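Working notes for the structure below.
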Amino acid sequence: MAISAENEHPVKAFGWAARDSSGHLSPFKFSRRATGETDVTFKVLYCGVCHTDLHTIKNEWGLTSYPVVPGHEIVGVVTKVGTKVTKFKIGDKVGVAGIAGSCHSCANCKNDLENYCPKLVATYDAKYYDGTTTYGGYSDMMVSNEHFVVKIPDNLPLDGVAPLLCAGITVYSPLKYYGLDKAGMHLGVAGLGGLGHMAVKFAKAMGLKVTIISSSPNKKKEAMNHLGADGFLVSHNTEDMQSAIGIMDGIIDTVSAMHAILPLIDLLKTHGKLVMVGAPEKPLELLAMPLLMGRKIVGGSLVGGVKETQEMINFATKYNIIADIELIPMDYVNTAMERLLKGDVKYRFVIDIANSLKSF
C-alpha cells in the first residue's frame, strides 16, 4: 500500500495542490524530509507564480503527476541547517529556484550548468533520490540541499526578489551567454510580461538600448515611461516592423503563445541572435533562408545554474533590480491563474505565503 504524502516524511507540511487537470488548487497536507547534514530548512515567506505553474497544474505538457504543489520562485528565512552546511545560518534570507537536485558528476554539473543536467530533479512534480515526490513553494516550508540554495541580500525586498529566481535568471542567463550584455548594443525584447519586463530591467542596467516588440499597443506608455524602454514596436503593425529591419544585435523572445518568428529574424543585424526563452506548445515556422542571409542564429536558453543564479541576484542587488509584482493572498491563487492565462498581470503574481497560508 502506498504511503500517503502526509506520512512520507517525518516533518509535517502544508500547502496548496492541484489534484487533477482542472488545475484547481486547494489546501493540501503533506510532509518534508528531516533536515539532513547538508540541508537547509527555511520558512517560506513568498512564492512567485510562474507560467510553468499554470502549464503544470493543467497538465498541458502531459507530464504532471497529481497531486502537485507548484512554485519554484521561493524565498524565505532559514530556520534550521544541517551539521555540514557551510554557506548558510539560521536567520539568513534565502531563495530556491527550479532545481532540487542534480548528479554533480556530468559535464554540465561540473561546469555549473545544473539546469542542463540529464538527471536534474525539479523543485516540484519530480521524484527525489529517495523516491518521494518533490513539492514546491506554495507551501509553508522547504527543505533543500544547500548547493541549490541562494543567498538573498538584506537590501532587496523579498516579495520583489522571488520572481528573479525564474523570470530573472531566465533572461539574465542568455544575455550573458550569447554576448548580448555589452553596453551600446541594441536588444529587442519580444513580449512584455513576467519575463519580458525583467529582460528590459537587466538589459538597461547593462547599458543596452532596448526596444520592446509587443502585440499590445496599450503597453507602450508603461514600457517607455515606467520601464525605460527606448523603443516600442507593435508586432502586427507592418509599418512599425518594416521601420526596424536589420537594426538589432539580438532579441530575447519571451512569448510562450504561438507566434511568428520570421518577422523577428528580419529585425536582426548580420550575425544577430534570436534567443527563445518562452515555450510555445506547438512547432514554430522557421525557414533557412532568413538565417543564411546574414549568418543569423536562433538559439534557446533555460533558466540558469546555481552559481549564475547567485551572480544574477548579486547583479540585481547592485542595480536595485526587482520584479514589478502584484502581491496576493494564498486563497486568491485560482483567480490569479485565470488572470495569468489572459495575461492580466503587471508583471508577476507573488503569493504572500507567510501572512495568508492557513492550515486546516
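Please note that chains go A, B, ... in the order of the C-alpha cells, that every chain numbers its residues from 1, and that ligands are numbered from 1 in the order shown.
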Near-stretch 200-210 of chain A list (12 Å; only C-alpha atoms; drop same-chain fewer than 5 positions) as a CSV table (one decimal) with all heavy atoms, in the first residue's frame:
```csv
chain,number,residue,atom,x,y,z
A,164,LEU,N,12.7,36.8,-9.5
A,164,LEU,CA,14.0,36.8,-10.1
A,164,LEU,C,14.6,35.3,-10.2
A,164,LEU,O,15.4,35.0,-11.1
A,164,LEU,CB,15.1,37.6,-9.3
A,164,LEU,CG,14.8,39.1,-9.1
A,164,LEU,CD1,16.0,39.7,-8.5
A,164,LEU,CD2,14.4,39.8,-10.4
A,167,ALA,N,11.9,34.0,-13.5
A,167,ALA,CA,11.8,35.1,-14.6
A,167,ALA,C,13.2,35.8,-14.8
A,167,ALA,O,13.6,36.1,-15.9
A,167,ALA,CB,10.7,36.0,-14.3
A,168,GLY,N,13.8,36.1,-13.7
A,168,GLY,CA,15.0,36.9,-13.7
A,168,GLY,C,16.2,36.1,-14.4
A,168,GLY,O,16.8,36.6,-15.3
A,169,ILE,N,16.4,34.9,-13.8
A,169,ILE,CA,17.6,34.2,-14.4
A,169,ILE,C,17.3,33.7,-15.8
A,169,ILE,O,18.2,33.5,-16.6
A,169,ILE,CB,17.9,33.0,-13.4
A,169,ILE,CG1,19.2,32.3,-13.9
A,169,ILE,CG2,16.7,32.0,-13.3
A,169,ILE,CD1,20.4,33.1,-13.9
A,170,THR,N,16.0,33.5,-16.1
A,170,THR,CA,15.7,33.0,-17.5
A,170,THR,C,16.1,34.0,-18.5
A,170,THR,O,16.5,33.6,-19.7
A,170,THR,CB,14.2,32.8,-17.6
A,170,THR,OG1,13.8,31.6,-16.7
A,170,THR,CG2,13.7,32.4,-19.0
A,171,VAL,N,16.1,35.3,-18.2
A,171,VAL,CA,16.5,36.3,-19.2
A,171,VAL,C,18.0,36.8,-19.0
A,171,VAL,O,18.7,37.1,-19.9
A,171,VAL,CB,15.6,37.5,-19.2
A,171,VAL,CG1,14.2,37.1,-19.7
A,171,VAL,CG2,15.5,38.2,-17.9
A,172,TYR,N,18.4,36.7,-17.7
A,172,TYR,CA,19.8,37.1,-17.4
A,172,TYR,C,20.8,36.2,-18.1
A,172,TYR,O,21.8,36.6,-18.7
A,172,TYR,CB,20.0,37.1,-15.9
A,172,TYR,CG,21.4,37.5,-15.5
A,172,TYR,CD1,21.8,38.8,-15.3
A,172,TYR,CD2,22.4,36.5,-15.2
A,172,TYR,CE1,23.1,39.2,-14.8
A,172,TYR,CE2,23.7,36.8,-14.8
A,172,TYR,CZ,24.0,38.2,-14.6
A,172,TYR,OH,25.3,38.5,-14.2
A,173,SER,N,20.6,34.9,-18.0
A,173,SER,CA,21.5,33.9,-18.5
A,173,SER,C,21.7,34.0,-20.0
A,173,SER,O,22.9,34.0,-20.4
A,173,SER,CB,21.0,32.5,-18.1
A,173,SER,OG,21.9,31.5,-18.5
A,174,PRO,N,20.7,34.1,-20.8
A,174,PRO,CA,21.0,34.2,-22.3
A,174,PRO,C,21.7,35.6,-22.6
A,174,PRO,O,22.4,35.6,-23.6
A,174,PRO,CB,19.6,34.1,-22.9
A,174,PRO,CG,18.6,34.4,-21.9
A,174,PRO,CD,19.3,33.9,-20.6
A,175,LEU,N,21.3,36.6,-21.9
A,175,LEU,CA,22.0,37.9,-22.2
A,175,LEU,C,23.5,37.7,-22.0
A,175,LEU,O,24.3,38.2,-22.8
A,175,LEU,CB,21.5,39.0,-21.2
A,175,LEU,CG,20.1,39.5,-21.5
A,175,LEU,CD1,19.7,40.5,-20.4
A,175,LEU,CD2,20.1,40.3,-22.8
A,176,LYS,N,23.9,37.0,-21.0
A,176,LYS,CA,25.4,36.8,-20.7
A,176,LYS,C,25.9,35.8,-21.7
A,176,LYS,O,27.0,36.0,-22.3
A,176,LYS,CB,25.5,36.3,-19.3
A,176,LYS,CG,25.1,37.2,-18.2
A,176,LYS,CD,25.9,38.5,-18.1
A,176,LYS,CE,27.2,38.2,-17.4
A,176,LYS,NZ,28.0,39.4,-17.1
A,179,GLY,N,26.4,36.9,-25.3
A,179,GLY,CA,27.1,38.1,-25.5
A,179,GLY,C,26.3,39.3,-25.8
A,179,GLY,O,26.7,40.3,-26.4
A,180,LEU,N,25.0,39.3,-25.3
A,180,LEU,CA,24.1,40.4,-25.6
A,180,LEU,C,24.1,41.3,-24.3
A,180,LEU,O,23.1,41.9,-24.0
A,180,LEU,CB,22.7,39.9,-25.9
A,180,LEU,CG,22.6,39.0,-27.1
A,180,LEU,CD1,21.2,38.4,-27.3
A,180,LEU,CD2,23.0,39.9,-28.4
A,181,ASP,N,25.2,41.5,-23.7
A,181,ASP,CA,25.3,42.2,-22.4
A,181,ASP,C,26.3,43.4,-22.5
A,181,ASP,O,26.7,43.9,-21.5
A,181,ASP,CB,25.7,41.3,-21.3
A,181,ASP,CG,27.1,40.6,-21.5
A,181,ASP,OD1,27.5,40.6,-22.7
A,181,ASP,OD2,27.6,40.1,-20.5
A,182,LYS,N,26.6,43.8,-23.8
A,182,LYS,CA,27.6,44.8,-24.0
A,182,LYS,C,27.0,46.2,-24.1
A,182,LYS,O,26.1,46.3,-24.9
A,182,LYS,CB,28.5,44.5,-25.2
A,182,LYS,CG,29.1,43.1,-25.3
A,182,LYS,CD,30.0,42.8,-24.1
A,182,LYS,CE,30.7,41.4,-24.3
A,182,LYS,NZ,29.8,40.3,-24.3
A,183,ALA,N,27.4,47.1,-23.3
A,183,ALA,CA,26.9,48.5,-23.4
A,183,ALA,C,26.8,49.0,-24.8
A,183,ALA,O,27.8,48.8,-25.6
A,183,ALA,CB,27.6,49.4,-22.5
A,184,GLY,N,25.7,49.6,-25.2
A,184,GLY,CA,25.6,50.2,-26.5
A,184,GLY,C,24.9,49.3,-27.5
A,184,GLY,O,24.5,49.7,-28.6
A,185,MET,N,24.8,48.0,-27.2
A,185,MET,CA,24.1,47.1,-28.1
A,185,MET,C,22.6,47.4,-28.1
A,185,MET,O,22.1,48.0,-27.2
A,185,MET,CB,24.3,45.6,-27.6
A,185,MET,CG,25.6,45.0,-28.0
A,185,MET,SD,25.6,43.2,-27.5
A,185,MET,CE,26.9,42.6,-28.6
A,186,HIS,N,22.0,47.0,-29.2
A,186,HIS,CA,20.5,47.2,-29.4
A,186,HIS,C,19.8,45.8,-29.2
A,186,HIS,O,20.1,44.9,-30.0
A,186,HIS,CB,20.2,47.8,-30.7
A,186,HIS,CG,18.8,48.2,-30.9
A,186,HIS,ND1,18.4,49.0,-31.9
A,186,HIS,CD2,17.7,48.1,-30.1
A,186,HIS,CE1,17.1,49.2,-31.8
A,186,HIS,NE2,16.7,48.7,-30.7
A,187,LEU,N,19.0,45.7,-28.2
A,187,LEU,CA,18.3,44.5,-27.9
A,187,LEU,C,16.8,44.6,-28.1
A,187,LEU,O,16.2,45.6,-27.6
A,187,LEU,CB,18.6,44.1,-26.4
A,187,LEU,CG,17.9,42.8,-26.0
A,187,LEU,CD1,18.7,41.6,-26.5
A,187,LEU,CD2,17.8,42.7,-24.4
A,188,GLY,N,16.3,43.7,-28.7
A,188,GLY,CA,14.8,43.6,-28.8
A,188,GLY,C,14.3,42.6,-27.7
A,188,GLY,O,14.9,41.6,-27.4
A,189,VAL,N,13.2,42.9,-27.2
A,189,VAL,CA,12.5,42.0,-26.2
A,189,VAL,C,11.1,41.8,-26.7
A,189,VAL,O,10.3,42.7,-26.8
A,189,VAL,CB,12.5,42.7,-24.8
A,189,VAL,CG1,11.7,41.7,-23.8
A,189,VAL,CG2,13.9,42.9,-24.3
A,190,ALA,N,10.8,40.5,-27.1
A,190,ALA,CA,9.5,40.2,-27.6
A,190,ALA,C,8.7,39.7,-26.5
A,190,ALA,O,9.0,38.7,-25.8
A,190,ALA,CB,9.7,39.1,-28.7
A,191,GLY,N,7.6,40.4,-26.3
A,191,GLY,CA,6.7,40.0,-25.2
A,191,GLY,C,7.0,40.8,-23.9
A,191,GLY,O,8.1,40.9,-23.5
A,192,LEU,N,5.9,41.5,-23.4
A,192,LEU,CA,6.1,42.3,-22.2
A,192,LEU,C,5.3,41.7,-21.1
A,192,LEU,O,4.2,42.3,-20.8
A,192,LEU,CB,5.8,43.7,-22.5
A,192,LEU,CG,6.1,44.7,-21.3
A,192,LEU,CD1,7.6,44.6,-20.9
A,192,LEU,CD2,5.8,46.1,-21.7
A,193,GLY,N,5.7,40.6,-20.5
A,193,GLY,CA,5.1,40.0,-19.3
A,193,GLY,C,6.1,39.8,-18.2
A,193,GLY,O,7.0,40.6,-18.0
A,194,GLY,N,5.9,38.7,-17.5
A,194,GLY,CA,6.9,38.5,-16.4
A,194,GLY,C,8.3,38.4,-16.8
A,194,GLY,O,9.2,39.0,-16.2
A,195,LEU,N,8.6,37.6,-17.9
A,195,LEU,CA,9.9,37.5,-18.4
A,195,LEU,C,10.4,38.8,-19.1
A,195,LEU,O,11.5,39.3,-18.9
A,195,LEU,CB,10.1,36.4,-19.4
A,195,LEU,CG,9.8,35.0,-18.8
A,195,LEU,CD1,9.9,33.9,-20.0
A,195,LEU,CD2,10.7,34.6,-17.7
A,223,ALA,N,5.7,50.8,-21.0
A,223,ALA,CA,7.1,50.3,-21.4
A,223,ALA,C,8.1,51.5,-21.4
A,223,ALA,O,9.2,51.3,-21.0
A,223,ALA,CB,7.0,49.6,-22.7
A,224,MET,N,7.6,52.5,-22.0
A,224,MET,CA,8.6,53.7,-22.2
A,224,MET,C,8.8,54.5,-21.0
A,224,MET,O,9.9,54.8,-20.6
A,224,MET,CB,8.0,54.6,-23.3
A,224,MET,CG,7.7,53.9,-24.7
A,224,MET,SD,9.2,53.4,-25.6
A,224,MET,CE,9.7,54.9,-26.3
A,226,HIS,N,7.7,53.9,-17.6
A,226,HIS,CA,7.9,53.2,-16.4
A,226,HIS,C,9.2,52.3,-16.4
A,226,HIS,O,10.1,52.3,-15.6
A,226,HIS,CB,6.7,52.4,-15.9
A,226,HIS,CG,7.0,51.5,-14.7
A,226,HIS,ND1,7.3,52.0,-13.5
A,226,HIS,CD2,7.0,50.1,-14.5
A,226,HIS,CE1,7.5,51.1,-12.6
A,226,HIS,NE2,7.3,49.9,-13.2
A,227,LEU,N,9.2,51.4,-17.5
A,227,LEU,CA,10.3,50.5,-17.6
A,227,LEU,C,11.6,51.1,-18.2
A,227,LEU,O,12.7,50.6,-18.1
A,227,LEU,CB,9.9,49.2,-18.3
A,227,LEU,CG,8.8,48.4,-17.6
A,227,LEU,CD1,8.4,47.2,-18.6
A,227,LEU,CD2,9.4,47.8,-16.3
A,228,GLY,N,11.4,52.2,-18.9
A,228,GLY,CA,12.6,52.9,-19.5
A,228,GLY,C,13.0,52.3,-20.9
A,228,GLY,O,14.2,52.5,-21.3
A,229,ALA,N,12.1,51.6,-21.6
A,229,ALA,CA,12.5,51.1,-22.9
A,229,ALA,C,12.7,52.3,-23.8
A,229,ALA,O,12.2,53.4,-23.7
A,229,ALA,CB,11.3,50.3,-23.5
A,230,ASP,N,13.6,52.1,-24.8
A,230,ASP,CA,14.0,53.1,-25.8
A,230,ASP,C,13.1,53.1,-27.0
A,230,ASP,O,13.0,54.2,-27.7
A,230,ASP,CB,15.4,52.9,-26.2
A,230,ASP,CG,16.4,53.0,-25.0
A,230,ASP,OD1,16.6,54.0,-24.5
A,230,ASP,OD2,16.8,51.9,-24.6
A,231,GLY,N,12.4,52.0,-27.3
A,231,GLY,CA,11.6,51.9,-28.4
A,231,GLY,C,10.5,50.9,-28.2
A,231,GLY,O,10.5,50.1,-27.3
A,232,PHE,N,9.4,51.0,-29.0
A,232,PHE,CA,8.3,50.1,-28.9
A,232,PHE,C,7.7,49.8,-30.3
A,232,PHE,O,7.4,50.7,-31.0
A,232,PHE,CB,7.2,50.7,-28.0
A,232,PHE,CG,6.1,49.7,-27.6
A,232,PHE,CD1,6.2,49.1,-26.4
A,232,PHE,CD2,5.0,49.5,-28.4
A,232,PHE,CE1,5.1,48.2,-26.0
A,232,PHE,CE2,4.0,48.7,-28.1
A,232,PHE,CZ,4.1,48.0,-26.9
A,233,LEU,N,7.7,48.5,-30.6
A,233,LEU,CA,7.1,48.1,-31.9
A,233,LEU,C,5.9,47.2,-31.7
A,233,LEU,O,5.9,46.3,-30.8
A,233,LEU,CB,8.1,47.2,-32.7
A,233,LEU,CG,9.5,47.9,-33.0
A,233,LEU,CD1,10.4,46.8,-33.7
A,233,LEU,CD2,9.3,49.1,-33.9
A,247,ILE,N,18.2,46.2,-37.4
A,247,ILE,CA,18.8,47.2,-36.5
A,247,ILE,C,19.2,46.6,-35.2
A,247,ILE,O,19.8,47.3,-34.4
A,247,ILE,CB,17.8,48.4,-36.3
A,247,ILE,CG1,16.6,48.0,-35.5
A,247,ILE,CG2,17.4,49.1,-37.6
A,247,ILE,CD1,15.7,49.1,-35.0
A,248,MET,N,18.8,45.3,-34.9
A,248,MET,CA,19.0,44.8,-33.6
A,248,MET,C,20.2,43.8,-33.5
A,248,MET,O,20.3,42.9,-34.4
A,248,MET,CB,17.7,44.1,-33.0
A,248,MET,CG,16.6,45.1,-32.9
A,248,MET,SD,15.1,44.4,-32.3
A,248,MET,CE,13.9,45.7,-32.5
A,249,ASP,N,21.0,43.8,-32.5
A,249,ASP,CA,22.0,42.8,-32.3
A,249,ASP,C,21.5,41.5,-31.8
A,249,ASP,O,22.1,40.4,-32.1
A,249,ASP,CB,23.0,43.4,-31.2
A,249,ASP,CG,23.7,44.6,-31.7
A,249,ASP,OD1,24.6,44.5,-32.5
A,249,ASP,OD2,23.4,45.7,-31.2
A,250,GLY,N,20.4,41.6,-31.1
A,250,GLY,CA,19.8,40.3,-30.6
A,250,GLY,C,18.4,40.6,-30.1
A,250,GLY,O,18.0,41.7,-29.9
A,251,ILE,N,17.6,39.5,-30.0
A,251,ILE,CA,16.3,39.6,-29.5
A,251,ILE,C,16.1,38.5,-28.5
A,251,ILE,O,16.4,37.3,-28.7
A,251,ILE,CB,15.2,39.4,-30.6
A,251,ILE,CG1,15.3,40.6,-31.6
A,251,ILE,CG2,13.8,39.4,-30.0
A,251,ILE,CD1,14.5,40.4,-32.8
A,252,ILE,N,15.6,38.8,-27.3
A,252,ILE,CA,15.1,37.8,-26.3
A,252,ILE,C,13.6,37.6,-26.5
A,252,ILE,O,12.8,38.5,-26.3
A,252,ILE,CB,15.4,38.2,-24.9
A,252,ILE,CG1,16.9,38.5,-24.7
A,252,ILE,CG2,14.9,37.2,-23.9
A,252,ILE,CD1,17.8,37.3,-24.8
A,253,ASP,N,13.2,36.4,-27.0
A,253,ASP,CA,11.8,36.1,-27.3
A,253,ASP,C,11.2,35.4,-26.1
A,253,ASP,O,11.5,34.2,-25.9
A,253,ASP,CB,11.7,35.3,-28.6
A,253,ASP,CG,10.3,35.1,-29.0
A,253,ASP,OD1,9.4,35.4,-28.2
A,253,ASP,OD2,10.1,34.5,-30.1
A,254,THR,N,10.4,36.1,-25.4
A,254,THR,CA,9.8,35.6,-24.1
A,254,THR,C,8.4,35.0,-24.3
A,254,THR,O,7.7,34.6,-23.4
A,254,THR,CB,9.7,36.7,-23.0
A,254,THR,OG1,8.7,37.6,-23.4
A,254,THR,CG2,11.0,37.4,-22.9
A,312,MET,N,23.3,36.5,-10.7
A,312,MET,CA,22.2,37.3,-11.1
A,312,MET,C,21.6,38.1,-9.9
A,312,MET,O,21.3,39.3,-10.0
A,312,MET,CB,21.1,36.4,-11.8
A,312,MET,CG,19.9,37.1,-12.2
A,312,MET,SD,18.6,37.2,-11.0
A,312,MET,CE,18.4,35.5,-10.5
A,313,ILE,N,21.4,37.4,-8.8
A,313,ILE,CA,20.9,38.0,-7.6
A,313,ILE,C,21.9,39.2,-7.1
A,313,ILE,O,21.4,40.3,-6.7
A,313,ILE,CB,20.7,37.0,-6.4
A,313,ILE,CG1,19.6,36.1,-6.8
A,313,ILE,CG2,20.5,37.7,-5.1
A,313,ILE,CD1,18.2,36.7,-6.7
A,315,PHE,N,23.9,40.8,-9.0
A,315,PHE,CA,23.8,41.9,-10.0
A,315,PHE,C,22.6,42.7,-9.7
A,315,PHE,O,22.6,44.0,-9.8
A,315,PHE,CB,23.7,41.3,-11.4
A,315,PHE,CG,23.7,42.3,-12.5
A,315,PHE,CD1,24.8,42.8,-13.2
A,315,PHE,CD2,22.4,42.8,-13.0
A,315,PHE,CE1,24.8,43.7,-14.2
A,315,PHE,CE2,22.4,43.8,-14.0
A,315,PHE,CZ,23.6,44.2,-14.6
A,316,ALA,N,21.5,42.0,-9.4
A,316,ALA,CA,20.2,42.7,-9.1
A,316,ALA,C,20.3,43.6,-7.9
A,316,ALA,O,19.8,44.7,-7.8
A,316,ALA,CB,19.1,41.7,-8.9
A,317,THR,N,21.1,43.1,-6.9
A,317,THR,CA,21.4,43.9,-5.7
A,317,THR,C,22.1,45.2,-6.0
A,317,THR,O,21.8,46.2,-5.5
A,317,THR,CB,22.2,43.0,-4.7
A,317,THR,OG1,21.4,41.8,-4.4
A,317,THR,CG2,22.4,43.8,-3.4
A,318,LYS,N,23.1,45.0,-6.8
A,318,LYS,CA,24.0,46.2,-7.2
A,318,LYS,C,23.2,47.3,-7.9
A,318,LYS,O,23.3,48.5,-7.7
A,318,LYS,CB,25.1,45.7,-8.1
A,318,LYS,CG,26.1,46.9,-8.5
A,318,LYS,CD,27.2,46.3,-9.4
A,318,LYS,CE,28.1,47.5,-9.8
A,318,LYS,NZ,29.3,46.9,-10.7
A,319,TYR,N,22.2,46.9,-8.8
A,319,TYR,CA,21.5,47.8,-9.6
A,319,TYR,C,20.0,48.0,-9.1
A,319,TYR,O,19.2,48.6,-9.8
A,319,TYR,CB,21.5,47.4,-11.0
A,319,TYR,CG,22.9,47.5,-11.7
A,319,TYR,CD1,23.7,46.4,-11.7
A,319,TYR,CD2,23.3,48.8,-12.1
A,319,TYR,CE1,25.0,46.6,-12.3
A,319,TYR,CE2,24.6,48.9,-12.7
A,319,TYR,CZ,25.4,47.8,-12.8
A,319,TYR,OH,26.7,47.9,-13.3
A,320,ASN,N,19.7,47.4,-7.9
A,320,ASN,CA,18.4,47.5,-7.3
A,320,ASN,C,17.3,47.1,-8.2
A,320,ASN,O,16.3,47.8,-8.4
A,320,ASN,CB,18.2,49.0,-6.8
A,320,ASN,CG,17.0,49.1,-5.8
A,320,ASN,OD1,16.8,48.1,-5.0
A,320,ASN,ND2,16.3,50.2,-5.8
A,321,ILE,N,17.5,45.9,-8.8
A,321,ILE,CA,16.5,45.3,-9.7
A,321,ILE,C,15.6,44.3,-9.0
A,321,ILE,O,16.1,43.4,-8.4
A,321,ILE,CB,17.2,44.6,-10.9
A,321,ILE,CG1,18.0,45.6,-11.7
A,321,ILE,CG2,16.2,43.9,-11.8
A,321,ILE,CD1,18.9,44.9,-12.8
A,322,ILE,N,14.3,44.6,-9.1
A,322,ILE,CA,13.3,43.6,-8.6
A,322,ILE,C,12.2,43.6,-9.6
A,322,ILE,O,12.1,44.4,-10.5
A,322,ILE,CB,12.7,44.0,-7.2
A,322,ILE,CG1,12.2,45.5,-7.2
A,322,ILE,CG2,13.8,43.9,-6.1
A,322,ILE,CD1,11.4,45.9,-5.9
A,323,ALA,N,11.3,42.6,-9.4
A,323,ALA,CA,10.2,42.5,-10.3
A,323,ALA,C,9.1,43.4,-9.9
A,323,ALA,O,9.0,43.8,-8.8
A,323,ALA,CB,9.7,41.0,-10.3
A,324,ASP,N,8.3,43.8,-10.9
A,324,ASP,CA,7.0,44.5,-10.6
A,324,ASP,C,6.0,43.5,-10.3
A,324,ASP,O,5.7,42.6,-11.2
A,324,ASP,CB,6.6,45.4,-11.8
A,324,ASP,CG,7.5,46.6,-12.1
A,324,ASP,OD1,8.5,46.7,-11.3
A,324,ASP,OD2,7.2,47.4,-12.9
```
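The list of residues with at least one atom within 12 Å of A:Glu60, based on only C-alpha atoms and without residues fewer than 2 positions apart in the same chain, reads Asp20, Ser21, Ser22, Gly23, His51, Thr52, Asp53, Leu54, His55, Thr56, Ile57, Lys58, Gly62, Leu63, Thr64, Ser65, Ala279, Pro280, Glu281 and Lys282 of chain A.
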Determine which residues of stretch 41-281 of chain A receive a DSSP assignment of alpha helix (DSSP H), computed from the backbone, and state them as a PyMOL selection string. chain A and resi 51-57+107-110+158-161+167-177+194-205+220-221+238-242+262-266
Taking only residues of stretch 85-127 of chain A that have an atom at most 6 Å from an atom of stretch 298-307 of chain A, what is each one's shortest atom pair and its distance in Å to one decimal, using only C-alpha atoms, in chain and number order, as a tab-separated table?
```
residue	atom	partner	partner_atom	distance
A:Asp112	CA	A:Gly305	CA	5.6
A:Leu113	CA	A:Gly305	CA	4.6
A:Glu114	CA	A:Gly305	CA	5.1
A:Asn115	CA	A:Gly305	CA	5.2
```
Give me a file of those residues, with all heavy atoms, as a PDB file, in the first residue's frame.
```pdb
ATOM      1  N   ASP A 112      28.941  24.103 -13.719  1.00  0.00           N
ATOM      2  CA  ASP A 112      27.933  24.937 -13.053  1.00  0.00           C
ATOM      3  C   ASP A 112      26.686  25.128 -13.903  1.00  0.00           C
ATOM      4  O   ASP A 112      26.027  26.184 -13.842  1.00  0.00           O
ATOM      5  CB  ASP A 112      28.525  26.303 -12.676  1.00  0.00           C
ATOM      6  CG  ASP A 112      29.702  26.180 -11.715  1.00  0.00           C
ATOM      7  OD1 ASP A 112      29.550  25.496 -10.687  1.00  0.00           O
ATOM      8  OD2 ASP A 112      30.772  26.751 -12.007  1.00  0.00           O
ATOM      9  N   LEU A 113      26.352  24.116 -14.679  1.00  0.00           N
ATOM     10  CA  LEU A 113      25.150  24.141 -15.513  1.00  0.00           C
ATOM     11  C   LEU A 113      24.189  23.044 -15.072  1.00  0.00           C
ATOM     12  O   LEU A 113      23.729  22.221 -15.871  1.00  0.00           O
ATOM     13  CB  LEU A 113      25.523  23.967 -16.990  1.00  0.00           C
ATOM     14  CG  LEU A 113      26.359  25.091 -17.606  1.00  0.00           C
ATOM     15  CD1 LEU A 113      26.866  24.683 -18.986  1.00  0.00           C
ATOM     16  CD2 LEU A 113      25.552  26.383 -17.704  1.00  0.00           C
ATOM     17  N   GLU A 114      23.902  23.031 -13.774  1.00  0.00           N
ATOM     18  CA  GLU A 114      22.994  22.006 -13.233  1.00  0.00           C
ATOM     19  C   GLU A 114      21.641  22.025 -13.939  1.00  0.00           C
ATOM     20  O   GLU A 114      20.951  21.002 -13.997  1.00  0.00           O
ATOM     21  CB  GLU A 114      22.775  22.219 -11.730  1.00  0.00           C
ATOM     22  CG  GLU A 114      24.040  22.184 -10.897  1.00  0.00           C
ATOM     23  CD  GLU A 114      24.629  23.565 -10.682  1.00  0.00           C
ATOM     24  OE1 GLU A 114      24.285  24.504 -11.446  1.00  0.00           O
ATOM     25  OE2 GLU A 114      25.429  23.711  -9.749  1.00  0.00           O
ATOM     26  N   ASN A 115      21.259  23.183 -14.453  1.00  0.00           N
ATOM     27  CA  ASN A 115      19.972  23.307 -15.152  1.00  0.00           C
ATOM     28  C   ASN A 115      19.896  22.453 -16.407  1.00  0.00           C
ATOM     29  O   ASN A 115      18.808  22.183 -16.911  1.00  0.00           O
ATOM     30  CB  ASN A 115      19.688  24.774 -15.498  1.00  0.00           C
ATOM     31  CG  ASN A 115      20.840  25.481 -16.178  1.00  0.00           C
ATOM     32  OD1 ASN A 115      21.991  25.376 -15.751  1.00  0.00           O
ATOM     33  ND2 ASN A 115      20.553  26.230 -17.228  1.00  0.00           N
TER      34      ASN A 115
END
```
For A:Lys342, which residue among A:Ile90, A:Phe148, A:Ala257, A:Gly136 is the nearest when counting only C-alpha atoms?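 Residue with the minimum atom-to-atom distance to A:Lys342: A:Ala257.
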Residue contacts of A:Cys47 (9 Å, only C-alpha atoms) excluding same-chain residues fewer than 6 positions away, as a list in words: Gly71, His72, Glu73, Ile74, Val75, Gly76, Gly137, Tyr138, Ser139, Asp159, Ala162, Pro163, Phe349, Val350, Ile351, Asp352 and Ile353 of chain A
